[in-house]
file my_file_13.cif (mmCIF, C-alpha atoms)
data_my_file
loop_
_atom_site.group_PDB
_atom_site.id
_atom_site.type_symbol
_atom_site.label_atom_id
_atom_site.label_comp_id
_atom_site.auth_asym_id
_atom_site.auth_seq_id
_atom_site.Cartn_x
_atom_site.Cartn_y
_atom_site.Cartn_z
ATOM 1 C CA MET A 1013 170.326 10.265 -0.780
ATOM 2 C CA ASN A 1014 169.649 12.261 -3.947
ATOM 3 C CA VAL A 1015 168.918 15.991 -4.165
ATOM 4 C CA LEU A 1016 165.142 15.518 -4.434
ATOM 5 C CA ALA A 1017 165.069 13.445 -1.275
ATOM 6 C CA ARG A 1018 167.048 16.096 0.587
ATOM 7 C CA ILE A 1019 164.572 18.767 -0.483
ATOM 8 C CA LEU A 1020 161.677 16.634 0.717
ATOM 9 C CA HIS A 1021 163.497 16.023 4.021
ATOM 10 C CA PRO A 1022 164.978 19.402 5.015
ATOM 11 C CA THR A 1023 166.148 18.009 8.347
ATOM 12 C CA ASP A 1024 168.928 16.321 6.401
ATOM 13 C CA MET A 1025 170.088 19.764 5.216
ATOM 14 C CA PRO A 1026 170.966 21.785 8.340
ATOM 15 C CA MET A 1027 171.652 24.991 6.408
ATOM 16 C CA LEU A 1028 168.208 24.907 4.808
ATOM 17 C CA GLY A 1029 166.525 24.415 8.161
ATOM 18 C CA THR A 1030 168.507 27.284 9.656
ATOM 19 C CA PHE A 1031 167.571 29.538 6.758
ATOM 20 C CA ARG A 1032 163.890 28.722 7.192
ATOM 21 C CA ARG A 1033 163.977 29.452 10.921
ATOM 22 C CA LEU A 1034 165.758 32.741 10.267
ATOM 23 C CA SER A 1035 163.234 33.658 7.602
ATOM 24 C CA ARG A 1036 160.320 32.973 9.946
ATOM 25 C CA SER A 1037 161.876 35.016 12.747
ATOM 26 C CA VAL A 1038 162.529 37.950 10.398
ATOM 27 C CA GLN A 1039 158.915 37.796 9.195
ATOM 28 C CA ASP A 1040 157.670 37.806 12.799
ATOM 29 C CA LEU A 1041 159.875 40.789 13.663
ATOM 30 C CA THR A 1042 158.703 42.651 10.565
ATOM 31 C CA SER A 1043 155.072 41.890 11.409
ATOM 32 C CA GLN A 1044 155.439 43.242 14.944
ATOM 33 C CA ILE A 1045 157.144 46.434 13.772
ATOM 34 C CA HIS A 1046 154.512 46.945 11.072
ATOM 35 C CA GLU A 1047 151.758 46.654 13.695
ATOM 36 C CA ASP A 1048 153.549 49.219 15.867
ATOM 37 C CA TRP A 1049 153.928 51.520 12.861
ATOM 38 C CA THR A 1050 150.195 51.305 12.161
ATOM 39 C CA THR A 1051 149.365 51.915 15.829
ATOM 40 C CA ASN A 1052 151.673 54.948 15.958
ATOM 41 C CA HIS A 1053 149.723 56.750 13.207
ATOM 42 C CA ARG A 1054 151.767 55.245 10.354
ATOM 43 C CA ASP A 1055 154.512 57.793 10.957
ATOM 44 C CA TRP A 1056 158.011 56.325 11.115
ATOM 45 C CA THR A 1057 159.363 59.630 12.488
ATOM 46 C CA MET A 1058 157.355 59.304 15.728
ATOM 47 C CA PRO A 1059 159.805 58.985 18.655
ATOM 48 C CA GLY A 1060 157.616 56.375 20.327
ATOM 49 C CA PHE A 1061 157.581 54.170 17.253
ATOM 50 C CA ARG A 1062 161.347 54.464 16.848
ATOM 51 C CA ALA A 1063 161.932 53.523 20.488
ATOM 52 C CA ILE A 1064 159.695 50.455 20.176
ATOM 53 C CA ALA A 1065 161.269 49.379 16.876
ATOM 54 C CA VAL A 1066 164.776 49.622 18.339
ATOM 55 C CA HIS A 1067 163.696 47.587 21.357
ATOM 56 C CA ARG A 1068 162.119 44.859 19.227
ATOM 57 C CA PHE A 1069 165.240 44.717 17.072
ATOM 58 C CA GLY A 1070 167.402 44.337 20.182
ATOM 59 C CA ARG A 1071 165.220 41.545 21.568
ATOM 60 C CA TRP A 1072 165.360 39.771 18.207
ATOM 61 C CA VAL A 1073 169.146 39.983 18.046
ATOM 62 C CA SER A 1074 169.639 38.888 21.654
ATOM 63 C CA ASN A 1075 167.761 35.638 20.963
ATOM 64 C CA LYS A 1076 170.167 34.607 18.185
ATOM 65 C CA ARG A 1077 173.101 32.270 18.548
ATOM 66 C CA PRO A 1078 176.402 33.828 19.654
ATOM 67 C CA GLY A 1079 178.671 34.784 16.823
ATOM 68 C CA ALA A 1080 180.375 37.636 15.050
ATOM 69 C CA LEU A 1081 177.195 38.790 13.304
ATOM 70 C CA ARG A 1082 175.197 38.773 16.551
ATOM 71 C CA THR A 1083 177.934 40.772 18.281
ATOM 72 C CA LEU A 1084 177.919 43.340 15.483
ATOM 73 C CA LEU A 1085 174.126 43.659 15.530
ATOM 74 C CA LEU A 1086 174.101 44.010 19.321
ATOM 75 C CA TRP A 1087 176.613 46.827 19.026
ATOM 76 C CA LEU A 1088 174.302 48.486 16.493
ATOM 77 C CA TYR A 1089 171.342 48.038 18.848
ATOM 78 C CA GLN A 1090 173.228 49.553 21.775
ATOM 79 C CA ALA A 1091 174.130 52.600 19.691
ATOM 80 C CA MET A 1092 170.496 53.084 18.636
ATOM 81 C CA TYR A 1093 169.269 52.468 22.200
ATOM 82 C CA ARG A 1094 171.527 55.211 23.563
ATOM 83 C CA TYR A 1095 170.390 57.571 20.823
ATOM 84 C CA VAL A 1096 166.713 56.964 21.630
ATOM 85 C CA ARG A 1097 167.328 57.305 25.371
ATOM 86 C CA ASN A 1098 169.377 60.493 25.138
ATOM 87 C CA HIS A 1099 167.588 62.179 22.228
ATOM 88 C CA TYR A 1100 163.951 61.248 22.852
ATOM 89 C CA GLY A 1101 164.034 60.585 26.594
ATOM 90 C CA ILE A 1102 162.505 57.105 26.249
ATOM 91 C CA GLU A 1103 164.279 54.358 28.190
ATOM 92 C CA ILE A 1104 163.283 50.759 27.469
ATOM 93 C CA PRO A 1105 165.901 48.260 28.737
ATOM 94 C CA LEU A 1106 166.486 45.154 26.681
ATOM 95 C CA THR A 1107 164.992 42.903 29.380
ATOM 96 C CA VAL A 1108 161.576 44.600 29.154
ATOM 97 C CA ILE A 1109 158.869 42.485 27.502
ATOM 98 C CA LEU A 1110 156.540 44.543 25.318
ATOM 99 C CA GLY A 1111 153.242 43.319 23.947
ATOM 100 C CA ARG A 1112 152.085 44.007 20.419
ATOM 101 C CA ARG A 1113 150.659 47.266 19.090
ATOM 102 C CA LEU A 1114 152.055 49.461 21.857
ATOM 103 C CA LEU A 1115 151.458 53.205 21.544
ATOM 104 C CA LEU A 1116 153.866 55.646 23.218
ATOM 105 C CA ALA A 1117 152.105 58.982 22.920
ATOM 106 C CA HIS A 1118 154.615 61.858 22.850
ATOM 107 C CA GLN A 1119 158.255 61.625 23.805
ATOM 108 C CA ASN A 1120 160.330 62.503 26.874
ATOM 109 C CA GLY A 1121 160.315 61.092 30.361
ATOM 110 C CA ILE A 1122 159.082 57.552 29.646
ATOM 111 C CA VAL A 1123 161.080 55.097 31.760
ATOM 112 C CA PHE A 1124 160.546 51.351 32.127
ATOM 113 C CA HIS A 1125 161.730 49.167 35.005
ATOM 114 C CA TRP A 1126 164.096 46.548 33.626
ATOM 115 C CA LYS A 1127 161.703 43.690 34.538
ATOM 116 C CA THR A 1128 158.510 45.266 33.194
ATOM 117 C CA VAL A 1129 155.987 43.171 31.281
ATOM 118 C CA VAL A 1130 153.497 45.038 29.065
ATOM 119 C CA GLY A 1131 150.468 43.424 27.448
ATOM 120 C CA ASP A 1132 148.971 43.998 24.005
ATOM 121 C CA ASP A 1133 147.285 47.199 22.775
ATOM 122 C CA CYS A 1134 148.507 49.408 25.624
ATOM 123 C CA LEU A 1135 148.848 53.206 25.628
ATOM 124 C CA ILE A 1136 151.526 55.010 27.631
ATOM 125 C CA ARG A 1137 151.827 58.784 27.630
ATOM 126 C CA HIS A 1138 154.759 61.093 28.309
ATOM 127 C CA ASN A 1139 156.537 61.526 31.664
ATOM 128 C CA ALA A 1140 155.328 58.121 32.871
ATOM 129 C CA THR A 1141 157.502 55.930 35.094
ATOM 130 C CA ILE A 1142 156.661 52.265 34.655
ATOM 131 C CA GLY A 1143 158.069 50.501 37.686
ATOM 132 C CA ALA A 1144 159.917 52.758 40.087
ATOM 133 C CA GLY A 1145 161.842 50.657 42.606
ATOM 134 C CA TYR A 1146 160.986 50.775 46.293
ATOM 135 C CA GLY A 1147 161.058 48.507 49.310
ATOM 136 C CA GLY A 1148 164.681 47.462 48.932
ATOM 137 C CA GLN A 1149 165.655 44.070 47.571
ATOM 138 C CA LYS A 1150 162.139 42.725 48.150
ATOM 139 C CA THR A 1151 160.693 44.502 45.114
ATOM 140 C CA LEU A 1152 163.742 45.948 43.372
ATOM 141 C CA HIS A 1153 164.049 42.976 41.021
ATOM 142 C CA ARG A 1154 160.312 42.626 40.383
ATOM 143 C CA GLY A 1155 158.879 44.834 37.685
ATOM 144 C CA PRO A 1156 155.233 45.782 37.142
ATOM 145 C CA ARG A 1157 152.929 43.811 34.903
ATOM 146 C CA LEU A 1158 150.478 45.633 32.652
ATOM 147 C CA GLY A 1159 147.592 43.658 31.206
ATOM 148 C CA ASN A 1160 146.123 44.114 27.760
ATOM 149 C CA HIS A 1161 144.475 47.428 26.814
ATOM 150 C CA VAL A 1162 145.970 49.338 29.760
ATOM 151 C CA GLU A 1163 146.215 53.151 29.512
ATOM 152 C CA VAL A 1164 148.771 55.136 31.502
ATOM 153 C CA GLY A 1165 148.291 58.889 31.781
ATOM 154 C CA PRO A 1166 151.020 61.547 31.623
ATOM 155 C CA GLY A 1167 153.125 61.842 34.755
ATOM 156 C CA ALA A 1168 151.858 58.587 36.242
ATOM 157 C CA VAL A 1169 154.187 56.538 38.454
ATOM 158 C CA ILE A 1170 153.747 52.783 38.777
ATOM 159 C CA PHE A 1171 155.882 51.192 41.462
ATOM 160 C CA ALA A 1172 157.603 47.857 40.971
ATOM 161 C CA ALA A 1173 155.863 44.524 41.636
ATOM 162 C CA VAL A 1174 152.438 46.044 40.896
ATOM 163 C CA THR A 1175 149.944 44.441 38.514
ATOM 164 C CA LEU A 1176 147.483 46.420 36.422
ATOM 165 C CA GLY A 1177 144.543 44.368 35.261
ATOM 166 C CA GLU A 1178 143.248 44.276 31.708
ATOM 167 C CA GLY A 1179 141.619 47.509 30.588
ATOM 168 C CA ALA A 1180 142.757 49.543 33.601
ATOM 169 C CA VAL A 1181 143.140 53.302 33.084
ATOM 170 C CA LEU A 1182 145.496 55.537 35.081
ATOM 171 C CA GLY A 1183 144.852 59.272 35.025
ATOM 172 C CA PRO A 1184 147.488 62.026 34.947
ATOM 173 C CA ASN A 1185 150.026 62.189 37.789
ATOM 174 C CA VAL A 1186 148.653 59.268 39.770
ATOM 175 C CA VAL A 1187 150.975 57.199 41.963
ATOM 176 C CA VAL A 1188 150.132 53.490 41.987
ATOM 177 C CA MET A 1189 151.587 51.402 44.812
ATOM 178 C CA SER A 1190 149.108 48.502 44.885
ATOM 179 C CA HIS A 1191 147.461 46.167 42.395
ATOM 180 C CA VAL A 1192 144.778 47.652 40.159
ATOM 181 C CA PRO A 1193 141.882 45.356 39.193
ATOM 182 C CA ALA A 1194 140.796 44.865 35.606
ATOM 183 C CA GLY A 1195 138.710 47.684 34.174
ATOM 184 C CA ALA A 1196 139.413 50.060 37.070
ATOM 185 C CA ARG A 1197 139.833 53.830 36.631
ATOM 186 C CA VAL A 1198 142.432 55.441 38.895
ATOM 187 C CA PHE A 1199 142.615 59.232 39.086
ATOM 188 C CA ALA A 1200 144.259 61.690 41.449
ATOM 189 C CA GLU A 1201 142.178 63.936 43.700
ATOM 190 C CA ALA A 1202 140.640 66.863 41.856
ATOM 191 C CA PRO A 1203 142.582 70.140 42.302
ATOM 192 C CA ARG A 1204 141.210 72.817 44.633
ATOM 193 C CA VAL A 1205 141.284 76.569 44.167
ATOM 194 C CA ILE A 1206 142.812 78.200 47.244
ATOM 195 C CA ARG A 1207 142.146 81.941 47.592
ATOM 196 C CA LEU A 1208 145.066 83.944 48.912
ATOM 197 C CA ALA A 1209 144.610 86.197 51.932
ATOM 198 C CA ASN A 1210 145.092 89.387 49.910
ATOM 199 C CA ALA A 1211 142.861 88.285 47.034
ATOM 200 C CA PRO A 1212 139.553 90.157 46.482
ATOM 201 C CA ASP A 1213 136.396 88.629 47.911
ATOM 202 C CA GLU A 1214 134.808 87.074 44.852
ATOM 203 C CA SER A 1215 131.487 86.442 46.599
ATOM 204 C CA HIS A 1216 131.217 90.143 47.519
ATOM 205 C CA ASP A 1217 132.084 91.199 43.975
ATOM 206 C CA THR A 1218 129.523 88.780 42.558
ATOM 207 C CA SER A 1219 126.726 90.058 44.779
ATOM 208 C CA ARG A 1220 127.545 93.648 43.856
ATOM 209 C CA ILE A 1221 127.445 92.824 40.164
ATOM 210 C CA SER A 1222 124.048 91.114 40.565
ATOM 211 C CA GLN A 1223 122.676 94.222 42.356
ATOM 212 C CA ASN A 1224 123.866 96.460 39.546
ATOM 213 C CA LEU A 1225 122.120 94.238 37.029
#
call {"tool": "encode", "arguments": {"input": "my_file_13.cif", "output": "structure tokens"}}
result
Amino acid sequence: MNVLARILHPTDMPMLGTFRRLSRSVQDLTSQIHEDWTTNHRDWTMPGFRAIAVHRFGRWVSNKRPGALRTLLLWLYQAMYRYVRNHYGIEIPLTVILGRRLLLAHQNGIVFHWKTVVGDDCLIRHNATIGAGYGGQKTLHRGPRLGNHVEVGPGAVIFAAVTLGEGAVLGPNVVVMSHVPAGARVFAEAPRVIRLANAPDESHDTSRISQNL
């Protein structure tokens, strides 16, 4: 078979087919990271963007064929993962599946269960725990699933094996231990002002002020 025929039939040229597959996978990885960069205010210094980019790079490397280059790139990923975890306080294990255009607002205290699945266009704020384990072996190996357009407030805790429907919103410091339907809003009880025993009687002071007026 001549050279022209080989070009027209790339399956007869294994190296060319491999190069094309690699090129497509690199383009897909670049596209995902560019979307994350745009979502995270087009600032490559944002800790959230860096954590997501490192995770996507690690997932991309882990799906490649075993070899010396893959081993080297995995070592590089592990070094960057530890840096992000220890320096920014954002822990995203390699087994986590992240959707596209994820926004991690602010750094520190963001932890993902190792079997978490996150949909597209989600927002997760600082000090959130996505998938705390409970219930022993029954739920330990089952991570939470977040649908598309889910928002998680600061300090929220989502226990493992819980599903959050599309468009659900969790307020600050809520603890979610059951499934949340799509479009639901979950907020903690409003805080109450408790007057101490030795505090002045505000009602008495108010009435006295009104009399003076």
call {"tool": "closest_residue", "arguments": {"input": "my_file_13.cif", "among": "A:Met1092, A:Ala1209, A:Ala1200, A:Cys1134", "to": "Leu1176 of chain A", "atoms": "all atoms listed in the file"}}
result
A:Cys1134
call {"tool": "closest_atom_pairs", "arguments": {"input": "my_file_13.cif", "of": "segment 1018-1086 of chain A", "to": "segment 1102-1116 of chain A", "cutoff": "10 Å", "atoms": "all atoms listed in the file", "output": "CSV"}}
result
residue,atom,partner,partner_atom,distance
A:Ser1043,CA,A:Arg1112,CA,9.7
A:Gln1044,CA,A:Arg1112,CA,6.5
A:Ile1045,CA,A:Arg1113,CA,8.4
A:His1046,CA,A:Arg1113,CA,8.9
A:Glu1047,CA,A:Arg1113,CA,5.5
A:Asp1048,CA,A:Arg1113,CA,4.7
A:Trp1049,CA,A:Arg1113,CA,8.2
A:Thr1050,CA,A:Arg1113,CA,8.0
A:Thr1051,CA,A:Arg1113,CA,5.8
A:Asn1052,CA,A:Leu1115,CA,5.9
A:His1053,CA,A:Leu1115,CA,9.2
A:Met1058,CA,A:Leu1116,CA,9.0
A:Pro1059,CA,A:Leu1116,CA,8.2
A:Gly1060,CA,A:Leu1116,CA,4.8
A:Phe1061,CA,A:Leu1116,CA,7.2
A:Arg1062,CA,A:Ile1102,CA,9.8
A:Ala1063,CA,A:Ile1102,CA,6.8
A:Ile1064,CA,A:Leu1114,CA,7.9
A:Val1066,CA,A:Ile1104,CA,9.3
A:His1067,CA,A:Leu1106,CA,6.5
A:Arg1068,CA,A:Leu1110,CA,8.3
A:Phe1069,CA,A:Leu1106,CA,9.7
A:Gly1070,CA,A:Leu1106,CA,6.6
A:Arg1071,CA,A:Leu1106,CA,6.4
A:Ser1074,CA,A:Leu1106,CA,8.6
call {"tool": "residues_near_point", "arguments": {"input": "my_file_13.cif", "point": "(173.0, 41.9, 12.6)", "cutoff": "12 Å", "atoms": "only C-alpha atoms", "output": "PyMOL selection string"}}
result
chain A and resi 1034+1038+1069-1090
call {"tool": "atom_distance", "arguments": {"input": "my_file_13.cif", "atom1": "atom CA of Met1189 of chain A", "atom2": "atom CA of Gly1167 of chain A"}}
result
14.6 Å
call {"tool": "residues_around", "arguments": {"input": "my_file_13.cif", "residues": "Val1162 of chain A", "least_positions_apart": "3", "cutoff": "10 Å", "atoms": "only C-alpha atoms", "output": "PDB file with C-alpha atoms, in the coordinates of the input"}}
result
ATOM      1  CA  LEU A1114     152.055  49.461  21.857  1.00  0.00           C
ATOM      2  CA  VAL A1130     153.497  45.038  29.065  1.00  0.00           C
ATOM      3  CA  GLY A1131     150.468  43.424  27.448  1.00  0.00           C
ATOM      4  CA  ASP A1132     148.971  43.998  24.005  1.00  0.00           C
ATOM      5  CA  ASP A1133     147.285  47.199  22.775  1.00  0.00           C
ATOM      6  CA  CYS A1134     148.507  49.408  25.624  1.00  0.00           C
ATOM      7  CA  LEU A1135     148.848  53.206  25.628  1.00  0.00           C
ATOM      8  CA  ILE A1136     151.526  55.010  27.631  1.00  0.00           C
ATOM      9  CA  LEU A1158     150.478  45.633  32.652  1.00  0.00           C
ATOM     10  CA  GLY A1159     147.592  43.658  31.206  1.00  0.00           C
ATOM     11  CA  LEU A1176     147.483  46.420  36.422  1.00  0.00           C
ATOM     12  CA  GLY A1177     144.543  44.368  35.261  1.00  0.00           C
ATOM     13  CA  GLU A1178     143.248  44.276  31.708  1.00  0.00           C
ATOM     14  CA  GLY A1179     141.619  47.509  30.588  1.00  0.00           C
ATOM     15  CA  ALA A1180     142.757  49.543  33.601  1.00  0.00           C
ATOM     16  CA  VAL A1181     143.140  53.302  33.084  1.00  0.00           C
ATOM     17  CA  LEU A1182     145.496  55.537  35.081  1.00  0.00           C
ATOM     18  CA  ALA A1194     140.796  44.865  35.606  1.00  0.00           C
ATOM     19  CA  GLY A1195     138.710  47.684  34.174  1.00  0.00           C
ATOM     20  CA  ALA A1196     139.413  50.060  37.070  1.00  0.00           C
TER      21      ALA A1196
END
call {"tool": "decode", "arguments": {"input": "my_file_13.cif", "residues": "segment 1046-1128 of chain A", "atoms": "C-alpha atoms", "output": "short mmCIF file (atom, residue, chain, number, x, y, z; two decimals), in the first residue's frame"}}
result
data_model
loop_
_atom_site.label_atom_id
_atom_site.label_comp_id
_atom_site.auth_asym_id
_atom_site.auth_seq_id
_atom_site.Cartn_x
_atom_site.Cartn_y
_atom_site.Cartn_z
CA HIS A 1046 -10.60 26.89 30.01
CA GLU A 1047 -14.26 26.66 31.05
CA ASP A 1048 -13.21 26.40 34.70
CA TRP A 1049 -10.90 29.39 34.27
CA THR A 1050 -13.75 31.46 32.84
CA THR A 1051 -16.10 30.35 35.63
CA ASN A 1052 -13.51 31.24 38.29
CA HIS A 1053 -13.40 34.90 37.20
CA ARG A 1054 -10.64 34.35 34.62
CA ASP A 1055 -8.03 34.44 37.37
CA TRP A 1056 -5.50 31.61 37.22
CA THR A 1057 -4.26 32.50 40.73
CA MET A 1058 -7.61 31.55 42.33
CA PRO A 1059 -7.04 28.58 44.67
CA GLY A 1060 -10.30 26.97 43.58
CA PHE A 1061 -9.35 27.09 39.92
CA ARG A 1062 -5.91 25.65 40.65
CA ALA A 1063 -7.40 22.79 42.66
CA ILE A 1064 -9.85 21.94 39.86
CA ALA A 1065 -7.17 22.16 37.16
CA VAL A 1066 -4.87 19.82 39.10
CA HIS A 1067 -7.72 17.36 39.57
CA ARG A 1068 -8.64 17.38 35.88
CA PHE A 1069 -4.99 16.87 34.95
CA GLY A 1070 -4.77 13.90 37.32
CA ARG A 1071 -7.93 12.32 35.91
CA TRP A 1072 -6.59 12.80 32.38
CA VAL A 1073 -3.27 11.16 33.22
CA SER A 1074 -4.87 8.25 35.09
CA ASN A 1075 -6.87 7.31 31.98
CA LYS A 1076 -3.73 6.87 29.85
CA ARG A 1077 -1.97 3.61 29.13
CA PRO A 1078 0.63 2.47 31.67
CA GLY A 1079 4.14 3.50 30.84
CA ALA A 1080 7.10 5.57 31.93
CA LEU A 1081 5.54 8.86 30.82
CA ARG A 1082 2.27 8.12 32.64
CA THR A 1083 4.20 7.23 35.80
CA LEU A 1084 6.14 10.49 35.61
CA LEU A 1085 3.00 12.56 35.05
CA LEU A 1086 1.21 10.82 37.93
CA TRP A 1087 4.12 11.67 40.19
CA LEU A 1088 3.79 15.30 39.07
CA TYR A 1089 0.05 15.21 39.77
CA GLN A 1090 0.57 13.78 43.25
CA ALA A 1091 3.05 16.54 44.08
CA MET A 1092 0.61 19.23 42.90
CA TYR A 1093 -2.30 17.52 44.70
CA ARG A 1094 -0.43 17.58 48.01
CA TYR A 1095 0.49 21.22 47.48
CA VAL A 1096 -3.14 22.19 46.84
CA ARG A 1097 -4.36 20.15 49.80
CA ASN A 1098 -1.78 21.46 52.27
CA HIS A 1099 -1.48 25.05 51.01
CA TYR A 1100 -5.07 25.87 50.03
CA GLY A 1101 -6.97 23.40 52.20
CA ILE A 1102 -8.90 21.93 49.25
CA GLU A 1103 -8.98 18.14 49.10
CA ILE A 1104 -10.30 16.52 45.91
CA PRO A 1105 -9.29 12.83 45.64
CA LEU A 1106 -8.52 11.49 42.21
CA THR A 1107 -11.61 9.25 42.22
CA VAL A 1108 -13.99 12.23 42.50
CA ILE A 1109 -15.95 12.98 39.32
CA LEU A 1110 -16.38 16.70 38.72
CA GLY A 1111 -18.77 18.21 36.22
CA ARG A 1112 -17.87 21.12 33.99
CA ARG A 1113 -17.67 24.78 34.99
CA LEU A 1114 -17.33 24.15 38.72
CA LEU A 1115 -16.82 27.19 40.94
CA LEU A 1116 -15.04 26.80 44.29
CA ALA A 1117 -15.60 30.13 46.00
CA HIS A 1118 -12.79 30.91 48.46
CA GLN A 1119 -10.24 28.45 49.74
CA ASN A 1120 -9.78 26.41 52.92
CA GLY A 1121 -11.82 23.60 54.38
CA ILE A 1122 -13.33 22.14 51.19
CA VAL A 1123 -13.24 18.34 51.40
CA PHE A 1124 -14.74 15.83 48.98
CA HIS A 1125 -15.65 12.21 49.74
CA TRP A 1126 -13.59 9.96 47.49
CA LYS A 1127 -16.71 8.69 45.65
CA THR A 1128 -18.38 12.07 45.11
#
